[in-house]
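Here is target-v5.tsv, consisting of TSV, C-alpha atoms (C1' of nucleotides):
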chain	number	residue	atom	x	y	z
A	11	MET	CA	287.22	-31.00	-49.79
A	12	ASN	CA	284.94	-32.99	-52.05
A	13	ASP	CA	282.70	-30.04	-52.83
A	14	ASP	CA	283.52	-30.53	-56.48
A	15	ASN	CA	280.20	-31.22	-58.16
A	16	THR	CA	281.87	-32.61	-61.27
A	17	THR	CA	283.21	-35.50	-59.18
A	18	PRO	CA	280.79	-38.39	-59.33
A	19	LEU	CA	279.60	-39.59	-55.98
A	20	ALA	CA	281.71	-42.27	-54.32
A	21	LEU	CA	279.02	-44.58	-52.99
A	22	GLU	CA	281.38	-46.44	-50.68
A	23	ALA	CA	282.19	-43.13	-48.96
A	24	PHE	CA	278.63	-41.85	-48.77
A	25	ILE	CA	277.36	-41.71	-45.21
A	26	PRO	CA	273.87	-43.15	-45.74
A	27	TYR	CA	275.39	-46.07	-47.59
A	28	LYS	CA	278.14	-46.63	-45.06
A	29	LEU	CA	275.67	-46.50	-42.19
A	30	ASN	CA	273.42	-49.08	-43.78
A	31	ARG	CA	276.36	-51.26	-44.63
A	32	ALA	CA	277.73	-51.08	-41.08
A	33	ALA	CA	274.31	-51.75	-39.60
A	34	ASP	CA	273.95	-54.80	-41.83
A	35	LEU	CA	277.39	-56.13	-40.95
A	36	VAL	CA	276.83	-55.76	-37.22
A	37	SER	CA	273.22	-56.93	-37.29
A	38	ARG	CA	274.16	-59.98	-39.23
A	39	GLY	CA	276.47	-60.84	-36.38
A	40	PHE	CA	274.04	-60.46	-33.54
A	41	GLY	CA	271.06	-61.46	-35.65
A	42	GLN	CA	272.59	-64.88	-36.16
A	43	ILE	CA	272.70	-65.28	-32.41
A	44	TYR	CA	269.05	-64.68	-31.61
A	45	LYS	CA	268.01	-66.47	-34.76
A	46	ASP	CA	270.11	-69.57	-34.15
A	47	ARG	CA	269.74	-69.75	-30.39
A	48	ALA	CA	266.09	-68.83	-30.09
A	49	GLY	CA	264.58	-68.74	-33.57
A	50	LEU	CA	263.61	-65.11	-33.17
A	51	THR	CA	263.15	-62.46	-35.83
A	52	ARG	CA	264.44	-58.96	-35.23
A	53	PRO	CA	261.04	-57.53	-34.25
A	54	GLU	CA	260.56	-60.44	-31.87
A	55	TRP	CA	263.98	-59.92	-30.33
A	56	ARG	CA	263.33	-56.22	-29.87
A	57	THR	CA	259.97	-56.87	-28.29
A	58	LEU	CA	261.48	-59.40	-25.93
A	59	ALA	CA	264.32	-57.03	-25.09
A	60	THR	CA	262.00	-54.12	-24.43
A	61	LEU	CA	259.70	-56.12	-22.19
A	62	GLY	CA	262.68	-57.59	-20.39
A	63	GLN	CA	264.04	-54.14	-19.77
A	64	TYR	CA	260.85	-52.36	-18.73
A	65	GLY	CA	258.63	-55.06	-17.31
A	66	THR	CA	255.01	-54.58	-18.29
A	67	LEU	CA	254.20	-52.40	-21.29
A	68	THR	CA	251.53	-51.81	-23.89
A	69	ALA	CA	252.14	-52.58	-27.53
A	70	THR	CA	252.30	-48.89	-28.34
A	71	SER	CA	255.00	-48.18	-25.81
A	72	ILE	CA	257.02	-51.17	-26.98
A	73	GLY	CA	257.01	-49.53	-30.38
A	74	ALA	CA	258.07	-46.20	-28.92
A	75	HIS	CA	260.96	-47.75	-27.03
A	76	SER	CA	262.21	-49.96	-29.83
A	77	SER	CA	261.47	-47.80	-32.88
A	78	MET	CA	259.10	-50.27	-34.41
A	79	HIS	CA	255.96	-49.74	-36.43
A	80	LYS	CA	252.84	-50.85	-34.62
A	81	THR	CA	252.18	-53.63	-37.12
A	82	LYS	CA	255.61	-55.05	-36.46
A	83	VAL	CA	254.94	-54.95	-32.74
A	84	SER	CA	251.52	-56.50	-33.20
A	85	ARG	CA	252.93	-59.44	-35.12
A	86	ALA	CA	255.92	-59.90	-32.83
A	87	VAL	CA	253.68	-59.90	-29.77
A	88	GLN	CA	251.46	-62.50	-31.40
A	89	ALA	CA	254.47	-64.69	-32.16
A	90	LEU	CA	255.85	-64.42	-28.63
A	91	GLN	CA	252.46	-65.17	-27.19
A	92	ASP	CA	252.20	-68.28	-29.38
A	93	ARG	CA	255.46	-69.47	-27.81
A	94	LYS	CA	254.13	-68.62	-24.38
A	95	TRP	CA	256.96	-66.16	-23.78
A	96	LEU	CA	254.56	-63.39	-22.88
A	97	LYS	CA	251.01	-62.97	-21.66
A	98	ARG	CA	248.42	-60.32	-22.39
A	99	THR	CA	246.17	-58.76	-19.79
A	100	THR	CA	243.45	-56.41	-20.83
A	101	ASP	CA	243.51	-53.25	-18.77
A	102	GLU	CA	240.29	-52.90	-16.79
A	103	LYS	CA	240.40	-49.10	-16.77
A	104	ASP	CA	240.88	-48.81	-20.52
A	105	ARG	CA	239.79	-51.85	-22.40
A	106	ARG	CA	241.57	-50.89	-25.62
A	107	ILE	CA	244.87	-51.49	-23.90
A	108	GLU	CA	246.64	-54.76	-23.26
A	109	ARG	CA	249.35	-55.01	-20.63
A	110	LEU	CA	252.11	-57.25	-21.93
A	111	THR	CA	254.40	-59.14	-19.58
A	112	LEU	CA	256.99	-61.84	-20.07
A	113	THR	CA	256.19	-65.26	-18.69
A	114	ARG	CA	258.75	-67.07	-16.61
A	115	GLU	CA	259.97	-68.81	-19.71
A	116	GLY	CA	260.10	-65.51	-21.58
A	117	GLU	CA	262.17	-63.99	-18.81
A	118	ARG	CA	264.51	-66.92	-18.78
A	119	ASN	CA	265.12	-66.62	-22.48
A	120	TYR	CA	265.43	-62.88	-22.21
A	121	ARG	CA	268.14	-63.11	-19.59
A	122	SER	CA	270.00	-65.65	-21.65
A	123	LEU	CA	269.90	-63.48	-24.76
A	124	ALA	CA	270.67	-60.30	-22.85
A	125	GLU	CA	273.83	-61.92	-21.61
A	126	LEU	CA	274.76	-62.90	-25.14
A	127	ALA	CA	274.07	-59.34	-26.19
A	128	HIS	CA	276.45	-58.02	-23.59
A	129	SER	CA	279.09	-60.48	-24.72
A	130	PHE	CA	278.56	-59.49	-28.30
A	131	GLU	CA	279.06	-55.84	-27.50
A	132	THR	CA	282.14	-56.55	-25.45
A	133	ARG	CA	283.55	-58.57	-28.30
A	134	LEU	CA	282.75	-55.80	-30.74
A	135	LYS	CA	284.50	-53.29	-28.53
A	136	THR	CA	287.57	-55.50	-28.45
A	137	VAL	CA	287.58	-56.03	-32.18
A	138	LEU	CA	287.19	-52.36	-33.03
A	139	GLY	CA	289.45	-51.10	-30.29
A	140	GLU	CA	288.27	-48.78	-27.57
A	141	GLU	CA	288.96	-45.53	-29.40
A	142	ASP	CA	287.13	-46.45	-32.57
A	143	PHE	CA	284.34	-47.93	-30.51
A	144	ASN	CA	283.99	-44.67	-28.63
A	145	ALA	CA	284.09	-42.69	-31.87
A	146	LEU	CA	281.28	-44.84	-33.22
A	147	ASN	CA	279.19	-44.25	-30.14
A	148	ARG	CA	279.79	-40.56	-30.31
A	149	GLY	CA	278.74	-40.37	-33.94
A	150	LEU	CA	275.63	-42.45	-33.38
A	151	ALA	CA	274.66	-40.33	-30.39
A	152	ALA	CA	274.96	-37.21	-32.51
A	153	ILE	CA	272.60	-38.65	-35.12
A	154	GLU	CA	270.11	-39.55	-32.43
A	155	THR	CA	270.32	-36.09	-30.93
A	156	HIS	CA	269.88	-34.20	-34.17
A	157	LEU	CA	267.66	-36.46	-36.24
A	158	GLY	CA	265.85	-38.55	-33.66
A	159	LYS	CA	262.87	-36.33	-33.01
A	160	ARG	CA	260.46	-38.87	-34.42
A	161	ILE	CA	260.04	-41.52	-31.77
A	162	ASP	CA	257.63	-43.78	-33.55
A	163	MET	CA	258.08	-45.61	-36.78
B	8	MET	CA	281.44	-50.45	-16.65
B	9	ASN	CA	278.24	-52.21	-17.53
B	10	ASP	CA	279.77	-55.67	-17.23
B	11	ASP	CA	277.17	-56.47	-14.64
B	12	ASN	CA	275.23	-59.40	-16.00
B	13	THR	CA	272.38	-58.84	-13.60
B	14	THR	CA	271.64	-55.52	-15.33
B	15	PRO	CA	269.08	-56.07	-18.03
B	16	LEU	CA	270.18	-54.94	-21.43
B	17	ALA	CA	269.46	-51.31	-22.29
B	18	LEU	CA	268.25	-51.67	-25.85
B	19	GLU	CA	268.59	-47.98	-26.61
B	20	ALA	CA	272.29	-48.20	-25.74
B	21	PHE	CA	272.98	-51.44	-27.59
B	22	ILE	CA	275.22	-50.90	-30.60
B	23	PRO	CA	273.38	-53.10	-33.12
B	24	TYR	CA	270.14	-51.33	-32.24
B	25	LYS	CA	271.67	-47.87	-32.33
B	26	LEU	CA	273.32	-48.55	-35.66
B	27	ASN	CA	270.09	-49.70	-37.23
B	28	ARG	CA	268.23	-46.79	-35.75
B	29	ALA	CA	270.80	-44.29	-37.03
B	30	ALA	CA	270.84	-45.91	-40.46
B	31	ASP	CA	267.06	-45.67	-40.59
B	32	LEU	CA	267.03	-42.04	-39.54
B	33	VAL	CA	269.62	-41.02	-42.09
B	34	SER	CA	268.29	-43.21	-44.87
B	35	ARG	CA	264.83	-41.85	-44.38
B	36	GLY	CA	266.27	-38.43	-45.08
B	37	PHE	CA	268.12	-39.24	-48.27
B	38	GLY	CA	265.65	-41.94	-49.29
B	39	GLN	CA	262.91	-39.34	-49.49
B	40	ILE	CA	265.03	-37.44	-51.95
B	41	TYR	CA	265.57	-40.17	-54.52
B	42	LYS	CA	262.06	-41.46	-54.00
B	43	ASP	CA	260.35	-38.09	-54.39
B	44	ARG	CA	262.59	-36.66	-57.08
B	45	ALA	CA	263.06	-39.73	-59.19
B	46	GLY	CA	260.72	-42.44	-57.94
B	47	LEU	CA	263.61	-44.77	-57.21
B	48	THR	CA	263.84	-47.56	-54.66
B	49	ARG	CA	267.03	-48.02	-52.68
B	50	PRO	CA	268.35	-50.87	-54.84
B	51	GLU	CA	267.62	-48.79	-57.94
B	52	TRP	CA	269.41	-45.77	-56.49
B	53	ARG	CA	272.43	-47.87	-55.58
B	54	THR	CA	272.57	-49.42	-59.01
B	55	LEU	CA	272.34	-46.01	-60.65
B	56	ALA	CA	275.01	-44.63	-58.34
B	57	THR	CA	277.37	-47.52	-58.97
B	58	LEU	CA	277.04	-47.34	-62.72
B	59	GLY	CA	277.42	-43.56	-62.61
B	60	GLN	CA	280.57	-43.94	-60.61
B	61	TYR	CA	282.22	-46.76	-62.52
B	62	GLY	CA	280.81	-46.54	-66.02
B	63	THR	CA	280.16	-49.98	-67.51
B	64	LEU	CA	279.79	-52.93	-65.17
B	65	THR	CA	278.26	-56.38	-64.97
B	66	ALA	CA	275.39	-57.11	-62.61
B	67	THR	CA	277.69	-59.13	-60.39
B	68	SER	CA	280.17	-56.33	-59.96
B	69	ILE	CA	277.39	-53.86	-59.23
B	70	GLY	CA	276.44	-56.14	-56.37
B	71	ALA	CA	280.02	-56.30	-55.17
B	72	HIS	CA	280.42	-52.53	-55.19
B	73	SER	CA	277.08	-51.73	-53.58
B	74	SER	CA	276.66	-54.67	-51.18
B	75	MET	CA	273.52	-55.95	-52.81
B	76	HIS	CA	272.25	-59.47	-53.28
B	77	LYS	CA	272.22	-60.50	-56.92
B	78	THR	CA	268.45	-60.75	-56.99
B	79	LYS	CA	268.18	-57.15	-55.86
B	80	VAL	CA	270.57	-56.10	-58.57
B	81	SER	CA	268.72	-58.15	-61.16
B	82	ARG	CA	265.42	-56.50	-60.32
B	83	ALA	CA	266.86	-53.01	-60.06
B	84	VAL	CA	268.59	-53.37	-63.43
B	85	GLN	CA	265.33	-54.51	-64.95
B	86	ALA	CA	263.51	-51.49	-63.52
B	87	LEU	CA	266.15	-49.03	-64.74
B	88	GLN	CA	266.12	-50.63	-68.16
B	89	ASP	CA	262.34	-50.27	-68.31
B	90	ARG	CA	262.82	-46.54	-67.73
B	91	LYS	CA	265.52	-46.47	-70.38
B	92	TRP	CA	268.09	-45.24	-67.89
B	93	LEU	CA	270.50	-48.04	-68.77
B	94	LYS	CA	271.19	-50.42	-71.62
B	95	ARG	CA	272.43	-53.97	-71.64
B	96	THR	CA	275.01	-55.33	-74.05
B	97	THR	CA	275.80	-59.00	-74.09
B	98	ASP	CA	279.52	-59.59	-73.97
B	99	GLU	CA	280.68	-61.36	-77.11
B	100	LYS	CA	283.58	-63.10	-75.41
B	101	ASP	CA	281.47	-64.47	-72.58
B	102	ARG	CA	277.83	-64.62	-73.43
B	103	ARG	CA	276.68	-65.16	-69.84
B	104	ILE	CA	277.71	-61.59	-69.08
B	105	GLU	CA	275.87	-58.40	-69.81
B	106	ARG	CA	277.69	-55.08	-69.84
B	107	LEU	CA	275.46	-52.45	-68.24
B	108	THR	CA	275.82	-48.78	-69.07
B	109	LEU	CA	273.74	-45.72	-68.30
B	110	THR	CA	271.96	-44.07	-71.19
B	111	ARG	CA	272.23	-40.33	-71.68
B	112	GLU	CA	269.04	-39.91	-69.68
B	113	GLY	CA	270.35	-42.22	-66.98
B	114	GLU	CA	273.53	-40.18	-66.72
B	115	ARG	CA	271.61	-36.96	-66.53
B	116	ASN	CA	269.50	-38.26	-63.68
B	117	TYR	CA	272.54	-39.70	-62.00
B	118	ARG	CA	274.37	-36.39	-62.02
B	119	SER	CA	271.33	-34.65	-60.65
B	120	LEU	CA	270.97	-37.13	-57.79
B	121	ALA	CA	274.70	-37.25	-57.11
B	122	GLU	CA	274.62	-33.52	-56.58
B	123	LEU	CA	271.72	-33.87	-54.19
B	124	ALA	CA	273.67	-36.59	-52.40
B	125	HIS	CA	276.64	-34.29	-51.95
B	126	SER	CA	274.34	-31.57	-50.62
B	127	PHE	CA	272.73	-34.01	-48.27
B	128	GLU	CA	276.05	-35.06	-46.86
B	129	THR	CA	277.21	-31.47	-46.49
B	130	ARG	CA	273.99	-30.66	-44.66
B	131	LEU	CA	274.44	-33.69	-42.42
B	132	LYS	CA	277.97	-32.61	-41.61
B	133	THR	CA	276.69	-29.19	-40.66
B	134	VAL	CA	273.90	-30.55	-38.54
B	135	LEU	CA	276.10	-32.98	-36.64
B	136	GLY	CA	279.07	-30.68	-36.38
B	137	GLU	CA	282.42	-31.54	-37.84
B	138	GLU	CA	283.80	-33.36	-34.83
B	139	ASP	CA	280.85	-35.67	-34.38
B	140	PHE	CA	280.73	-36.19	-38.12
B	141	ASN	CA	284.37	-37.23	-38.11
B	142	ALA	CA	283.81	-39.51	-35.15
B	143	LEU	CA	280.97	-41.19	-37.02
B	144	ASN	CA	283.15	-41.73	-40.05
B	145	ARG	CA	285.91	-43.12	-37.94
B	146	GLY	CA	283.60	-45.59	-36.25
B	147	LEU	CA	282.02	-46.71	-39.49
B	148	ALA	CA	285.43	-47.17	-41.08
B	149	ALA	CA	286.48	-49.38	-38.19
B	150	ILE	CA	283.45	-51.60	-38.69
B	151	GLU	CA	284.19	-51.89	-42.38
B	152	THR	CA	287.81	-52.75	-41.68
B	153	HIS	CA	287.12	-55.39	-39.10
B	154	LEU	CA	283.83	-56.89	-40.20
B	155	GLY	CA	283.68	-56.12	-43.91
B	156	LYS	CA	285.46	-59.16	-45.26
B	157	ARG	CA	282.36	-60.41	-46.99
B	158	ILE	CA	282.00	-58.33	-50.12
B	159	ASP	CA	278.81	-59.89	-51.46
B	160	MET	CA	275.43	-60.05	-49.88
C	16	DT	C1'	286.47	-84.84	-76.44
C	17	DT	C1'	283.46	-85.41	-72.79
C	18	DA	C1'	281.70	-84.85	-68.37
C	19	DA	C1'	281.70	-82.42	-64.06
C	20	DA	C1'	281.97	-78.16	-61.86
C	21	DT	C1'	281.58	-73.16	-61.84
C	22	DT	C1'	279.74	-68.72	-63.07
C	23	DT	C1'	276.12	-65.45	-64.47
C	24	DG	C1'	271.78	-63.87	-64.12
C	25	DT	C1'	266.54	-64.83	-63.62
C	26	DT	C1'	262.45	-66.55	-61.40
C	27	DG	C1'	259.16	-69.19	-58.09
C	28	DC	C1'	258.18	-69.32	-53.52
C	29	DA	C1'	257.67	-68.12	-48.85
C	30	DT	C1'	258.15	-64.58	-45.72
C	31	DG	C1'	258.56	-59.74	-43.99
C	32	DT	C1'	256.93	-55.01	-44.33
C	33	DG	C1'	254.32	-50.46	-44.57
C	34	DT	C1'	249.88	-48.27	-45.82
C	35	DA	C1'	245.38	-47.85	-45.31
C	36	DA	C1'	241.21	-49.29	-43.56
C	37	DC	C1'	238.97	-51.01	-39.78
C	38	DA	C1'	236.47	-52.30	-35.05
C	39	DA	C1'	236.47	-51.30	-30.46
C	40	DT	C1'	237.01	-48.14	-26.97
C	41	DC	C1'	237.76	-43.90	-24.70
C	42	DT	C1'	237.85	-38.57	-24.48
C	43	DA	C1'	236.35	-34.00	-25.47
C	44	DA	C1'	233.06	-30.66	-26.88
C	45	DT	C1'	228.74	-29.04	-26.89
D	30	DA	C1'	223.75	-37.14	-23.04
D	31	DT	C1'	225.26	-37.11	-27.68
D	32	DT	C1'	228.29	-36.70	-31.07
D	33	DA	C1'	232.70	-35.96	-33.15
D	34	DG	C1'	237.32	-37.03	-32.67
D	35	DA	C1'	241.30	-39.57	-30.94
D	36	DT	C1'	243.61	-43.82	-29.48
D	37	DT	C1'	244.71	-48.81	-29.46
D	38	DG	C1'	245.58	-52.69	-31.80
D	39	DT	C1'	244.53	-55.96	-35.88
D	40	DT	C1'	244.11	-57.23	-40.65
D	41	DA	C1'	243.89	-57.06	-45.95
D	42	DC	C1'	246.58	-55.77	-49.53
D	43	DA	C1'	250.48	-54.79	-52.34
D	44	DC	C1'	255.13	-54.81	-52.64
D	45	DA	C1'	260.03	-55.98	-51.34
D	46	DT	C1'	263.27	-59.51	-50.20
D	47	DG	C1'	266.28	-63.71	-49.57
D	48	DC	C1'	266.67	-68.56	-50.63
D	49	DA	C1'	266.73	-72.18	-53.61
D	50	DA	C1'	266.24	-73.92	-58.02
D	51	DC	C1'	267.13	-73.14	-62.56
D	52	DA	C1'	268.89	-72.43	-67.67
D	53	DA	C1'	272.61	-70.98	-70.24
D	54	DA	C1'	277.33	-70.42	-70.89
D	55	DT	C1'	282.03	-71.18	-69.72
D	56	DT	C1'	285.94	-73.47	-67.47
D	57	DT	C1'	288.26	-77.35	-65.53
D	58	DA	C1'	289.43	-82.15	-65.22
D	59	DA	C1'	289.75	-86.57	-66.90
Would you mind writing the file's structure down as structure tokens?
Amino acid sequence: MNDDNTTPLALEAFIPYKLNRAADLVSRGFGQIYKDRAGLTRPEWRTLATLGQYGTLTATSIGAHSSMHKTKVSRAVQALQDRKWLKRTTDEKDRRIERLTLTREGERNYRSLAELAHSFETRLKTVLGEEDFNALNRGLAAIETHLGKRIDM
Amino acid sequence: MNDDNTTPLALEAFIPYKLNRAADLVSRGFGQIYKDRAGLTRPEWRTLATLGQYGTLTATSIGAHSSMHKTKVSRAVQALQDRKWLKRTTDEKDRRIERLTLTREGERNYRSLAELAHSFETRLKTVLGEEDFNALNRGLAAIETHLGKRIDM
DNA sequence: TTAAATTTGTTGCATGTGTAACAATCTAAT
DNA sequence: ATTAGATTGTTACACATGCAACAAATTTAA
């Protein structure tokens, strides 16, 4: 069905549109949380989350893990450093590299936001219902599997 | 499972992140098409698509149908007008309003892109497989149903 | 009728973003 | 050892974006 090329496109049924719309709706929800509670931007939140999850990383690997362009990472790292939520340590073996690690305060804030993230997801699961939630996860996993070859952004 | 609040958050499994990542992956695919073929930005493509679908609309209703902030619509309409892909007609009953309609050239380009959009979606369905594709649609529909109360952006 | 409130659409401003260029450093090839 | 190339991270630039303020027009209330 819907192979009729005389039918104009229904934007509200078009997958790229629906995906962006859904991402905006959900991100607005969680985005309000890290913005209101911690004054973070999305790149800053992702950087914090990645460092909290993996411990010490370089800027490049933060980008690889969180799908962020290196300029976004660079600016987010700078912002988090200004708040003293992370510290940089130049690697002695390879002096191009900086090891990035959360400070105690960074970790504290990370744990607090990670808990809110878990709550948010639980709430989302409840609101959508378990079956639709699982369907969503399945669909998103398929996209990642088939289109996610590019790791960087 | 995963209710353990001592477990750090796994960003790559977090729904808001996965949704944004999937939206980026898919949008990069179709975005290349309307950018390369027609030199359009996303707001311009959405405006074209909405007018192609509904015929004559006001800027406000374009925003409502395509989830775009009125400033995005305003700028996209301006750009499409500069290309002579649409024309404005001030409503005589209410002179705040402008009726926007695609020109012949705008329609021609719309039909061409709408066809590419249908092909893109068909290809995506093939790549993901019908079951995963249906799961994705089901999940996205659930988000729209439960979080999509806000029509405007 | 007149004044206040609302609606429609545009624009100034500050901020966010990707591209390209770059400096510094390291690696590989000869 | 030298030189070309690659990698890491930052910055200048241009462009996109949302917010707030705005003008113009209409509607509502008094």
Can you superpose chain B onto chain A by least squares over all C-alpha atoms paired in order and give the moved copy as a short mmCIF file (atom, residue, chain, number, x, y, z; two decimals) with C-alpha atoms, in the coordinates of the input?
data_model
loop_
_atom_site.label_atom_id
_atom_site.label_comp_id
_atom_site.auth_asym_id
_atom_site.auth_seq_id
_atom_site.Cartn_x
_atom_site.Cartn_y
_atom_site.Cartn_z
CA MET B 8 287.31 -31.10 -49.82
CA ASN B 9 285.04 -33.06 -52.08
CA ASP B 10 282.78 -30.10 -52.79
CA ASP B 11 283.53 -30.55 -56.45
CA ASN B 12 280.21 -31.20 -58.10
CA THR B 13 281.84 -32.58 -61.21
CA THR B 14 283.17 -35.50 -59.15
CA PRO B 15 280.73 -38.36 -59.32
CA LEU B 16 279.54 -39.56 -55.98
CA ALA B 17 281.67 -42.24 -54.32
CA LEU B 18 278.98 -44.54 -53.00
CA GLU B 19 281.33 -46.40 -50.70
CA ALA B 20 282.15 -43.10 -48.97
CA PHE B 21 278.59 -41.82 -48.77
CA ILE B 22 277.33 -41.70 -45.19
CA PRO B 23 273.83 -43.14 -45.74
CA TYR B 24 275.37 -46.06 -47.61
CA LYS B 25 278.12 -46.62 -45.06
CA LEU B 26 275.66 -46.50 -42.20
CA ASN B 27 273.41 -49.08 -43.78
CA ARG B 28 276.35 -51.24 -44.64
CA ALA B 29 277.73 -51.07 -41.10
CA ALA B 30 274.31 -51.75 -39.61
CA ASP B 31 273.97 -54.79 -41.85
CA LEU B 32 277.40 -56.11 -40.96
CA VAL B 33 276.84 -55.76 -37.24
CA SER B 34 273.25 -56.92 -37.29
CA ARG B 35 274.19 -59.99 -39.23
CA GLY B 36 276.51 -60.86 -36.38
CA PHE B 37 274.07 -60.46 -33.52
CA GLY B 38 271.08 -61.47 -35.64
CA GLN B 39 272.61 -64.89 -36.14
CA ILE B 40 272.73 -65.28 -32.40
CA TYR B 41 269.07 -64.68 -31.61
CA LYS B 42 268.02 -66.49 -34.76
CA ASP B 43 270.13 -69.58 -34.14
CA ARG B 44 269.75 -69.76 -30.39
CA ALA B 45 266.13 -68.84 -30.08
CA GLY B 46 264.60 -68.75 -33.55
CA LEU B 47 263.63 -65.12 -33.17
CA THR B 48 263.16 -62.48 -35.84
CA ARG B 49 264.45 -58.97 -35.25
CA PRO B 50 261.05 -57.54 -34.27
CA GLU B 51 260.57 -60.45 -31.88
CA TRP B 52 264.00 -59.92 -30.33
CA ARG B 53 263.33 -56.22 -29.88
CA THR B 54 259.98 -56.86 -28.30
CA LEU B 55 261.49 -59.40 -25.93
CA ALA B 56 264.33 -57.04 -25.08
CA THR B 57 262.00 -54.13 -24.42
CA LEU B 58 259.70 -56.11 -22.18
CA GLY B 59 262.69 -57.60 -20.37
CA GLN B 60 264.05 -54.15 -19.77
CA TYR B 61 260.87 -52.37 -18.73
CA GLY B 62 258.64 -55.08 -17.33
CA THR B 63 254.99 -54.56 -18.30
CA LEU B 64 254.21 -52.39 -21.29
CA THR B 65 251.54 -51.79 -23.90
CA ALA B 66 252.16 -52.58 -27.55
CA THR B 67 252.31 -48.89 -28.35
CA SER B 68 255.00 -48.18 -25.82
CA ILE B 69 257.02 -51.16 -26.99
CA GLY B 70 257.01 -49.52 -30.40
CA ALA B 71 258.07 -46.21 -28.93
CA HIS B 72 260.97 -47.74 -27.02
CA SER B 73 262.22 -49.95 -29.84
CA SER B 74 261.47 -47.80 -32.90
CA MET B 75 259.09 -50.27 -34.44
CA HIS B 76 255.97 -49.74 -36.49
CA LYS B 77 252.85 -50.85 -34.65
CA THR B 78 252.18 -53.62 -37.14
CA LYS B 79 255.61 -55.07 -36.46
CA VAL B 80 254.95 -54.95 -32.76
CA SER B 81 251.52 -56.50 -33.20
CA ARG B 82 252.93 -59.43 -35.13
CA ALA B 83 255.92 -59.91 -32.86
CA VAL B 84 253.69 -59.90 -29.77
CA GLN B 85 251.47 -62.49 -31.40
CA ALA B 86 254.47 -64.70 -32.16
CA LEU B 87 255.87 -64.43 -28.63
CA GLN B 88 252.46 -65.17 -27.18
CA ASP B 89 252.20 -68.28 -29.36
CA ARG B 90 255.46 -69.46 -27.80
CA LYS B 91 254.13 -68.61 -24.36
CA TRP B 92 256.96 -66.17 -23.75
CA LEU B 93 254.54 -63.37 -22.86
CA LYS B 94 250.99 -62.94 -21.65
CA ARG B 95 248.43 -60.30 -22.38
CA THR B 96 246.15 -58.74 -19.79
CA THR B 97 243.43 -56.38 -20.85
CA ASP B 98 243.49 -53.22 -18.80
CA GLU B 99 240.27 -52.86 -16.83
CA LYS B 100 240.37 -49.08 -16.80
CA ASP B 101 240.89 -48.78 -20.54
CA ARG B 102 239.81 -51.83 -22.41
CA ARG B 103 241.57 -50.87 -25.65
CA ILE B 104 244.88 -51.49 -23.92
CA GLU B 105 246.63 -54.74 -23.25
CA ARG B 106 249.34 -54.98 -20.62
CA LEU B 107 252.11 -57.25 -21.92
CA THR B 108 254.41 -59.11 -19.58
CA LEU B 109 256.98 -61.83 -20.07
CA THR B 110 256.18 -65.24 -18.67
CA ARG B 111 258.74 -67.06 -16.56
CA GLU B 112 259.97 -68.81 -19.69
CA GLY B 113 260.10 -65.52 -21.56
CA GLU B 114 262.18 -63.98 -18.80
CA ARG B 115 264.53 -66.91 -18.75
CA ASN B 116 265.12 -66.63 -22.47
CA TYR B 117 265.45 -62.90 -22.21
CA ARG B 118 268.16 -63.12 -19.58
CA SER B 119 270.01 -65.67 -21.65
CA LEU B 120 269.91 -63.49 -24.76
CA ALA B 121 270.69 -60.30 -22.85
CA GLU B 122 273.85 -61.94 -21.62
CA LEU B 123 274.78 -62.92 -25.14
CA ALA B 124 274.08 -59.34 -26.20
CA HIS B 125 276.46 -58.01 -23.58
CA SER B 126 279.11 -60.48 -24.72
CA PHE B 127 278.58 -59.50 -28.29
CA GLU B 128 279.06 -55.85 -27.51
CA THR B 129 282.16 -56.55 -25.44
CA ARG B 130 283.58 -58.58 -28.31
CA LEU B 131 282.76 -55.79 -30.75
CA LYS B 132 284.51 -53.29 -28.53
CA THR B 133 287.57 -55.50 -28.47
CA VAL B 134 287.56 -56.02 -32.19
CA LEU B 135 287.19 -52.35 -33.03
CA GLY B 136 289.45 -51.10 -30.29
CA GLU B 137 288.25 -48.78 -27.59
CA GLU B 138 288.95 -45.54 -29.40
CA ASP B 139 287.14 -46.46 -32.58
CA PHE B 140 284.34 -47.94 -30.52
CA ASN B 141 283.97 -44.67 -28.64
CA ALA B 142 284.07 -42.70 -31.86
CA LEU B 143 281.27 -44.85 -33.23
CA ASN B 144 279.17 -44.27 -30.15
CA ARG B 145 279.79 -40.58 -30.31
CA GLY B 146 278.72 -40.40 -33.94
CA LEU B 147 275.62 -42.47 -33.39
CA ALA B 148 274.64 -40.36 -30.40
CA ALA B 149 274.93 -37.23 -32.51
CA ILE B 150 272.58 -38.67 -35.10
CA GLU B 151 270.08 -39.58 -32.42
CA THR B 152 270.29 -36.12 -30.91
CA HIS B 153 269.86 -34.23 -34.13
CA LEU B 154 267.63 -36.48 -36.20
CA GLY B 155 265.83 -38.59 -33.62
CA LYS B 156 262.86 -36.36 -32.94
CA ARG B 157 260.45 -38.87 -34.38
CA ILE B 158 259.98 -41.52 -31.73
CA ASP B 159 257.57 -43.76 -33.61
CA MET B 160 258.07 -45.56 -36.85
#
*Coordinates-based distance that separates CA of Phe140 (chain B) from CA of Asn147 (chain A) (Å, one decimal)*: 11.4 Å
_Give me the residues near region 107-120 of chain B as a PyMOL selection string, where near means some atom within 12 Å (using all atoms listed in the file) and where sequence neighbours in that chain fewer than 4 positions away do not count._
(chain A and resi 15-19+21) or (chain B and resi 37-47+51-69+80-81+83-85+87-98+124-127)
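Selected on chain C by distance to chain B: C:DT23, C:DG24, C:DT25 (within 8 Å, counting only C-alpha atoms (C1' of nucleotides)).
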*asked:* Please identify all residues of chain A having at least one atom at most 8 Å from any atom of chain B, considering all atoms listed in the file, and return them as number ranges by chain.
replied: A: 13, 15, 18-22, 24-26, 28-37, 40, 56, 59-60, 62-63, 75-77, 121, 124-125, 127-128, 131, 137-138, 142-150, 152-154, 156-158
